[in-house]
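Below: my_file-v4.cif (mmCIF, C-alpha atoms)
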data_input
#
loop_
_atom_site.group_PDB
_atom_site.id
_atom_site.type_symbol
_atom_site.label_atom_id
_atom_site.label_comp_id
_atom_site.auth_asym_id
_atom_site.auth_seq_id
_atom_site.Cartn_x
_atom_site.Cartn_y
_atom_site.Cartn_z
ATOM 1 C CA MET A 5 6.303 4.967 -1.613
ATOM 2 C CA MET A 6 9.621 6.687 -0.920
ATOM 3 C CA ASN A 7 9.431 5.605 2.721
ATOM 4 C CA LYS A 8 9.733 1.987 1.542
ATOM 5 C CA ALA A 9 13.174 2.683 0.071
ATOM 6 C CA LYS A 10 15.772 0.658 1.904
ATOM 7 C CA LYS A 11 18.704 2.983 1.168
ATOM 8 C CA LEU A 12 18.867 6.628 0.093
ATOM 9 C CA GLU A 13 22.125 8.142 -1.120
ATOM 10 C CA THR A 14 23.179 11.037 -3.337
ATOM 11 C CA LEU A 15 26.390 11.049 -5.344
ATOM 12 C CA ASP A 16 27.846 11.927 -8.713
ATOM 13 C CA ILE A 17 27.529 9.012 -11.119
ATOM 14 C CA GLY A 18 29.318 8.622 -14.427
ATOM 15 C CA LEU A 19 26.942 9.104 -17.353
ATOM 16 C CA ASN A 20 28.575 6.071 -18.970
ATOM 17 C CA LEU A 21 27.149 3.922 -16.133
ATOM 18 C CA ILE A 22 23.543 5.098 -16.538
ATOM 19 C CA ASP A 23 20.976 3.360 -18.715
ATOM 20 C CA ALA A 24 17.638 4.752 -19.895
ATOM 21 C CA ASN A 25 14.526 3.335 -18.305
ATOM 22 C CA PRO A 26 12.980 0.805 -20.718
ATOM 23 C CA ASN A 27 9.568 1.698 -19.218
ATOM 24 C CA GLN A 28 9.963 5.424 -19.926
ATOM 25 C CA PRO A 29 6.619 6.547 -21.367
ATOM 26 C CA ARG A 30 8.051 9.737 -22.811
ATOM 27 C CA LYS A 31 9.297 8.876 -26.277
ATOM 28 C CA LYS A 32 9.859 12.363 -27.696
ATOM 29 C CA PHE A 33 12.331 14.874 -26.314
ATOM 30 C CA ASP A 34 12.372 18.350 -27.849
ATOM 31 C CA ASN A 35 15.911 19.032 -29.097
ATOM 32 C CA ASP A 36 15.666 22.812 -28.617
ATOM 33 C CA SER A 37 14.467 22.351 -25.042
ATOM 34 C CA LEU A 38 17.292 19.880 -24.365
ATOM 35 C CA GLU A 39 19.843 22.355 -25.779
ATOM 36 C CA GLU A 40 18.432 25.115 -23.526
ATOM 37 C CA LEU A 41 18.686 22.843 -20.496
ATOM 38 C CA ALA A 42 22.227 21.812 -21.473
ATOM 39 C CA SER A 43 23.199 25.491 -21.716
ATOM 40 C CA SER A 44 21.701 26.155 -18.283
ATOM 41 C CA ILE A 45 23.581 23.150 -16.871
ATOM 42 C CA ARG A 46 26.865 24.482 -18.306
ATOM 43 C CA ASP A 47 26.222 27.871 -16.667
ATOM 44 C CA LYS A 48 24.583 26.967 -13.372
ATOM 45 C CA GLY A 49 24.664 23.199 -12.878
ATOM 46 C CA VAL A 50 21.540 21.253 -12.019
ATOM 47 C CA LEU A 51 19.078 22.070 -9.238
ATOM 48 C CA GLN A 52 17.580 18.628 -8.841
ATOM 49 C CA PRO A 53 19.430 15.302 -8.986
ATOM 50 C CA ILE A 54 18.088 12.465 -11.064
ATOM 51 C CA ILE A 55 16.750 9.337 -9.367
ATOM 52 C CA VAL A 56 18.231 5.971 -10.281
ATOM 53 C CA ARG A 57 18.260 2.418 -9.062
ATOM 54 C CA SER A 58 21.267 0.168 -8.990
ATOM 55 C CA VAL A 59 21.227 -2.853 -11.292
ATOM 56 C CA GLY A 60 24.450 -4.780 -10.879
ATOM 57 C CA GLU A 61 27.342 -2.450 -11.716
ATOM 58 C CA ARG A 62 25.069 -0.012 -13.590
ATOM 59 C CA TYR A 63 22.175 2.332 -12.856
ATOM 60 C CA VAL A 64 18.742 2.657 -14.472
ATOM 61 C CA ILE A 65 16.941 5.997 -14.493
ATOM 62 C CA ILE A 66 13.728 6.177 -12.484
ATOM 63 C CA ALA A 67 13.228 9.938 -12.934
ATOM 64 C CA GLY A 68 15.312 12.458 -14.834
ATOM 65 C CA GLU A 69 15.947 11.128 -18.320
ATOM 66 C CA ARG A 70 15.609 14.615 -19.803
ATOM 67 C CA ARG A 71 18.220 15.983 -17.378
ATOM 68 C CA THR A 72 20.486 13.038 -18.152
ATOM 69 C CA ARG A 73 20.244 13.725 -21.889
ATOM 70 C CA ALA A 74 20.970 17.411 -21.286
ATOM 71 C CA PHE A 75 24.045 16.526 -19.179
ATOM 72 C CA THR A 76 25.290 14.430 -22.093
ATOM 73 C CA LEU A 77 24.736 17.369 -24.471
ATOM 74 C CA ALA A 78 26.574 19.632 -22.011
ATOM 75 C CA GLN A 79 29.479 17.161 -22.302
ATOM 76 C CA ARG A 80 29.541 16.425 -18.589
ATOM 77 C CA GLU A 81 30.973 13.147 -17.393
ATOM 78 C CA THR A 82 28.958 12.794 -14.175
ATOM 79 C CA ILE A 83 25.494 13.738 -12.905
ATOM 80 C CA PRO A 84 24.169 14.137 -9.342
ATOM 81 C CA ALA A 85 21.859 11.245 -8.546
ATOM 82 C CA ILE A 86 19.809 9.872 -5.706
ATOM 83 C CA ILE A 87 20.132 6.122 -5.577
ATOM 84 C CA LEU A 88 17.033 4.278 -4.437
ATOM 85 C CA ASP A 89 17.359 0.678 -3.370
ATOM 86 C CA VAL A 90 13.992 -0.481 -4.692
ATOM 87 C CA GLU A 91 12.726 -3.515 -6.562
ATOM 88 C CA GLU A 92 11.943 -3.232 -10.263
ATOM 89 C CA LYS A 93 8.157 -3.141 -9.727
ATOM 90 C CA GLU A 94 8.421 -0.205 -7.335
ATOM 91 C CA ALA A 95 10.862 1.556 -9.675
ATOM 92 C CA VAL A 96 8.361 1.197 -12.532
ATOM 93 C CA GLU A 97 5.584 2.601 -10.330
ATOM 94 C CA LEU A 98 7.750 5.567 -9.310
ATOM 95 C CA ALA A 99 8.775 6.306 -12.905
ATOM 96 C CA LEU A 100 5.215 6.088 -14.209
ATOM 97 C CA ALA A 101 3.772 8.161 -11.373
ATOM 98 C CA GLU A 102 6.466 10.815 -11.864
ATOM 99 C CA ASN A 103 5.754 11.019 -15.580
ATOM 100 C CA ILE A 104 1.988 11.192 -15.127
ATOM 101 C CA GLN A 105 2.385 14.234 -12.873
ATOM 102 C CA ARG A 106 4.375 16.149 -15.511
ATOM 103 C CA GLU A 107 2.420 18.924 -17.190
ATOM 104 C CA ASP A 108 4.271 18.665 -20.508
ATOM 105 C CA LEU A 109 3.461 14.994 -20.995
ATOM 106 C CA SER A 110 1.260 14.531 -24.065
ATOM 107 C CA VAL A 111 -2.144 12.943 -23.587
ATOM 108 C CA ILE A 112 -1.024 9.805 -25.445
ATOM 109 C CA GLU A 113 2.178 9.559 -23.384
ATOM 110 C CA GLU A 114 0.003 9.946 -20.295
ATOM 111 C CA ALA A 115 -2.291 7.177 -21.548
ATOM 112 C CA HIS A 116 0.694 4.876 -22.043
ATOM 113 C CA SER A 117 1.954 5.753 -18.550
ATOM 114 C CA LEU A 118 -1.433 4.937 -17.066
ATOM 115 C CA SER A 119 -1.535 1.703 -19.019
ATOM 116 C CA GLY A 120 1.858 0.741 -17.605
ATOM 117 C CA LEU A 121 0.690 1.597 -14.104
ATOM 118 C CA ALA A 122 -2.507 -0.416 -14.646
ATOM 119 C CA ASP A 123 -0.342 -3.385 -15.648
ATOM 120 C CA GLN A 124 1.511 -3.021 -12.347
ATOM 121 C CA TYR A 125 -1.846 -3.250 -10.549
ATOM 122 C CA ASP A 126 -3.127 -6.213 -12.598
ATOM 123 C CA GLY A 127 -5.552 -3.961 -14.465
ATOM 124 C CA ASN A 128 -7.153 -2.494 -11.325
ATOM 125 C CA ILE A 129 -8.132 1.011 -12.508
ATOM 126 C CA GLU A 130 -9.287 2.037 -9.035
ATOM 127 C CA ASN A 131 -5.800 1.467 -7.612
ATOM 128 C CA VAL A 132 -4.307 3.506 -10.456
ATOM 129 C CA ALA A 133 -6.727 6.376 -9.770
ATOM 130 C CA ILE A 134 -5.822 6.316 -6.079
ATOM 131 C CA LYS A 135 -2.110 6.206 -6.878
ATOM 132 C CA ILE A 136 -2.215 9.289 -9.123
ATOM 133 C CA GLN A 137 -4.973 11.052 -7.165
ATOM 134 C CA LYS A 138 -7.330 11.321 -10.126
ATOM 135 C CA SER A 139 -10.860 10.018 -10.643
ATOM 136 C CA ILE A 140 -11.570 6.575 -12.054
ATOM 137 C CA GLY A 141 -13.365 8.300 -14.949
ATOM 138 C CA TYR A 142 -10.242 10.323 -15.722
ATOM 139 C CA VAL A 143 -8.118 7.171 -15.841
ATOM 140 C CA ARG A 144 -10.671 5.325 -18.006
ATOM 141 C CA ASP A 145 -10.919 8.272 -20.426
ATOM 142 C CA ARG A 146 -7.163 8.398 -20.874
ATOM 143 C CA LEU A 147 -6.816 4.631 -21.267
ATOM 144 C CA SER A 148 -9.600 4.575 -23.866
ATOM 145 C CA LEU A 149 -7.454 6.767 -26.117
ATOM 146 C CA LEU A 150 -5.198 3.775 -26.673
ATOM 147 C CA ASN A 151 -8.121 2.199 -28.555
ATOM 148 C CA LEU A 152 -7.756 4.817 -31.278
ATOM 149 C CA PRO A 153 -5.919 3.679 -34.406
ATOM 150 C CA GLU A 154 -2.244 4.592 -34.222
ATOM 151 C CA TYR A 155 -2.697 7.183 -36.976
ATOM 152 C CA ALA A 156 -5.318 9.031 -34.900
ATOM 153 C CA GLN A 157 -3.176 8.663 -31.763
ATOM 154 C CA ASP A 158 -0.300 10.312 -33.618
ATOM 155 C CA MET A 159 -2.590 13.148 -34.738
ATOM 156 C CA LEU A 160 -3.697 13.659 -31.138
ATOM 157 C CA ASP A 161 -0.095 13.505 -29.956
ATOM 158 C CA ARG A 162 0.937 16.185 -32.471
ATOM 159 C CA GLY A 163 -2.032 18.410 -31.546
ATOM 160 C CA GLU A 164 -3.687 18.024 -34.954
ATOM 161 C CA ILE A 165 -6.889 16.901 -33.225
ATOM 162 C CA ASN A 166 -7.865 17.606 -29.634
ATOM 163 C CA LEU A 167 -9.030 15.428 -26.773
ATOM 164 C CA SER A 168 -12.720 16.237 -27.296
ATOM 165 C CA GLN A 169 -12.493 15.298 -30.970
ATOM 166 C CA ALA A 170 -10.650 12.091 -30.092
ATOM 167 C CA LYS A 171 -13.394 11.044 -27.645
ATOM 168 C CA VAL A 172 -16.038 11.471 -30.363
ATOM 169 C CA ILE A 173 -13.883 9.569 -32.875
ATOM 170 C CA LEU A 174 -13.668 6.682 -30.402
ATOM 171 C CA GLU A 175 -17.442 6.245 -30.706
ATOM 172 C CA ILE A 176 -17.077 5.338 -34.393
ATOM 173 C CA PRO A 177 -16.950 1.534 -34.658
ATOM 174 C CA ASP A 178 -14.804 1.131 -37.808
ATOM 175 C CA THR A 179 -11.044 1.817 -37.680
ATOM 176 C CA ASN A 180 -10.890 3.253 -41.216
ATOM 177 C CA ASP A 181 -13.841 5.524 -40.437
ATOM 178 C CA GLN A 182 -12.045 6.683 -37.283
ATOM 179 C CA ILE A 183 -8.971 7.626 -39.311
ATOM 180 C CA ASN A 184 -11.080 9.429 -41.897
ATOM 181 C CA ALA A 185 -12.979 11.282 -39.158
ATOM 182 C CA ALA A 186 -9.697 12.394 -37.587
ATOM 183 C CA LYS A 187 -8.426 13.659 -40.948
ATOM 184 C CA LEU A 188 -11.711 15.455 -41.590
ATOM 185 C CA ALA A 189 -11.768 17.013 -38.105
ATOM 186 C CA GLN A 190 -8.275 18.359 -38.686
ATOM 187 C CA LYS A 191 -8.858 19.532 -42.255
ATOM 188 C CA LEU A 192 -12.132 21.325 -41.544
ATOM 189 C CA GLN A 193 -11.216 22.335 -37.970
ATOM 190 C CA LEU A 194 -14.423 20.711 -36.717
ATOM 191 C CA SER A 195 -15.432 20.947 -33.091
ATOM 192 C CA ALA A 196 -16.333 17.788 -31.201
ATOM 193 C CA ASN A 197 -20.041 18.631 -31.538
ATOM 194 C CA GLN A 198 -19.779 19.122 -35.301
#

Let me see the structure of the file written as structure tokens.
Amino acid sequence: MMNKAKKLETLDIGLNLIDANPNQPRKKFDNDSLEELASSIRDKGVLQPIIVRSVGERYVIIAGERRTRAFTLAQRETIPAIILDVEEKEAVELALAENIQREDLSVIEEAHSLSGLADQYDGNIENVAIKIQKSIGYVRDRLSLLNLPEYAQDMLDRGEINLSQAKVILEIPDTNDQINAAKLAQKLQLSANQ
């Protein structure tokens, strides 16, 4: 995908000119982790520039929102950035693909990323699987988690229930019963088989 970029350039950009990506699947940023990164930035700088795209006189983050937040905490005025001259659709694909590959992305954040990528491919799950180099079954499993009630999704996101438990809960037809099963699984520490 990067070979389709029309223009590639690295420079320091003012943080006041950078906007968050509205399609960012990661919604939670650990404050302690951000403070640690900010401290590292103060001491050593940053090893990897963020990736942005130009939108008028401003820039939108494609990859690197966490680094951008840490630079703000470190009270820096500029951040090293690679500017990609790409269309919005390609920027969304790049941002989603980058987030899916992150190990610290929660399973629900990953599911939302995959859903966004599926939207880019008009719902074609096979294209999504090819794009992220995972099986179609893997993509379907993750997307199915978005059928859980929000309460159960939040429990999964917080680690109060695990992926195996969530898959079993999905088999329960009633939403209220799914929520109760999630609460019970957490309270009694039930395995998926139980």

Could you list, as a compact mmCIF listing (two decimals) with C-alpha atoms, in the coordinates of the input, every residue matched by the PyMOL selection byres ((chain A and resi 98) around 12) in this structure?
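Done, and the output landed in out_28.txt:
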# COMPACT_ATOMS: atom_id res chain seq x y z
CA MET A 5 6.30 4.97 -1.61
CA MET A 6 9.62 6.69 -0.92
CA LYS A 8 9.73 1.99 1.54
CA ALA A 9 13.17 2.68 0.07
CA ASN A 25 14.53 3.34 -18.30
CA ASN A 27 9.57 1.70 -19.22
CA GLN A 28 9.96 5.42 -19.93
CA ILE A 55 16.75 9.34 -9.37
CA VAL A 56 18.23 5.97 -10.28
CA ARG A 57 18.26 2.42 -9.06
CA ILE A 65 16.94 6.00 -14.49
CA ILE A 66 13.73 6.18 -12.48
CA ALA A 67 13.23 9.94 -12.93
CA GLY A 68 15.31 12.46 -14.83
CA LEU A 88 17.03 4.28 -4.44
CA VAL A 90 13.99 -0.48 -4.69
CA GLU A 91 12.73 -3.52 -6.56
CA GLU A 92 11.94 -3.23 -10.26
CA LYS A 93 8.16 -3.14 -9.73
CA GLU A 94 8.42 -0.20 -7.34
CA ALA A 95 10.86 1.56 -9.68
CA VAL A 96 8.36 1.20 -12.53
CA GLU A 97 5.58 2.60 -10.33
CA ALA A 99 8.78 6.31 -12.90
CA LEU A 100 5.22 6.09 -14.21
CA ALA A 101 3.77 8.16 -11.37
CA GLU A 102 6.47 10.82 -11.86
CA ASN A 103 5.75 11.02 -15.58
CA ILE A 104 1.99 11.19 -15.13
CA GLN A 105 2.38 14.23 -12.87
CA SER A 117 1.95 5.75 -18.55
CA GLY A 120 1.86 0.74 -17.60
CA LEU A 121 0.69 1.60 -14.10
CA GLN A 124 1.51 -3.02 -12.35
CA LYS A 135 -2.11 6.21 -6.88
CA ILE A 136 -2.22 9.29 -9.12

Could you list, with a cut-off of 9 Å and counting only C-alpha atoms, the residues of segment 72-117 of chain A near segment 35-39 of chain A, each shown with its nearest atom pair and the distance in Å rounded to one decimal, rows sorted by chain and ascending number, as a Markdown table?
| residue | atom | partner | partner_atom | distance |
| --- | --- | --- | --- | --- |
| A:Arg73 | CA | A:Leu38 | CA | 7.3 |
| A:Ala74 | CA | A:Leu38 | CA | 5.4 |
| A:Leu77 | CA | A:Glu39 | CA | 7.1 |
| A:Ala78 | CA | A:Glu39 | CA | 8.2 |

Please, what distance in Å, to one decimal, runs between atom CA of Arg71 of chain A and atom CA of Asp161 of chain A?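 Pair atom CA of Arg71 of chain A / atom CA of Asp161 of chain A returns 22.4 Å.
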
For segment 176-180 of chain A, find every residue with an atom within 9 Å (counting only C-alpha atoms), except residues of its own chain fewer than 4 positions away, and show them as a PyMOL selection string. chain A and resi 152-153+172+184-185

Generate a file of the selected residues that holds C-alpha atoms, formatted as a PDB file, in the frame of the given file.
ATOM      1  CA  LEU A 152      -7.756   4.817 -31.278  1.00  0.00           C
ATOM      2  CA  PRO A 153      -5.919   3.679 -34.406  1.00  0.00           C
ATOM      3  CA  VAL A 172     -16.038  11.471 -30.363  1.00  0.00           C
ATOM      4  CA  ASN A 184     -11.080   9.429 -41.897  1.00  0.00           C
ATOM      5  CA  ALA A 185     -12.979  11.282 -39.158  1.00  0.00           C
TER       6      ALA A 185
END

Between atom CA of Leu15 of chain A and atom CA of Ile83 of chain A, what is the spacing in Å?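 Separation between atom CA of Ile83 of chain A and atom CA of Leu15 of chain A: 8.1 Å.
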
Find the residues near segment 162-167 of chain A: any atom within 7 Å, counting only C-alpha atoms, skip ones fewer than 6 places away on the same chain, and give them as a list in words.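 Using only C-alpha atoms, the neighbours found are Ala186, Ala189 and Gln190 of chain A.
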
Expansion of the PyMOL selection byres ((chain A and resi 149) around 8) into residues, as a list in words: Ile112, Ala115, Asp145, Arg146, Leu147, Ser148, Leu150, Asn151, Leu152, Gln157, Ala170, Lys171 and Leu174 of chain A

Can you pull out every residue within 10 Å of Thr14 of chain A, counting all atoms listed in the file, but drop anything in the same chain fewer than 2 positions away, and send it as an MDAnalysis selection string? chainID A and resid 12 16:17 53:56 84:88

How would the residues just picked look written out with C-alpha atoms as an mmCIF file, keeping the file's coordinate frame?
data_model
loop_
_atom_site.group_PDB
_atom_site.id
_atom_site.type_symbol
_atom_site.label_atom_id
_atom_site.label_comp_id
_atom_site.auth_asym_id
_atom_site.auth_seq_id
_atom_site.Cartn_x
_atom_site.Cartn_y
_atom_site.Cartn_z
ATOM 1 C CA LEU A 12 18.867 6.628 0.093
ATOM 2 C CA ASP A 16 27.846 11.927 -8.713
ATOM 3 C CA ILE A 17 27.529 9.012 -11.119
ATOM 4 C CA PRO A 53 19.430 15.302 -8.986
ATOM 5 C CA ILE A 54 18.088 12.465 -11.064
ATOM 6 C CA ILE A 55 16.750 9.337 -9.367
ATOM 7 C CA VAL A 56 18.231 5.971 -10.281
ATOM 8 C CA PRO A 84 24.169 14.137 -9.342
ATOM 9 C CA ALA A 85 21.859 11.245 -8.546
ATOM 10 C CA ILE A 86 19.809 9.872 -5.706
ATOM 11 C CA ILE A 87 20.132 6.122 -5.577
ATOM 12 C CA LEU A 88 17.033 4.278 -4.437
#

Atom CA of Arg70 of chain A to atom CA of Pro26 of chain A: how many Å, to one decimal?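 For atom CA of Arg70 of chain A relative to atom CA of Pro26 of chain A, the distance reads 14.1 Å.
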
Would you please work out which residue, of A:Gln182, A:Ser119, A:Gln137, A:Asn128, is nearest to Ala156 of chain A when using all atoms listed in the file?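 The shortest atom-to-atom distance to Ala156 of chain A comes from A:Gln182.
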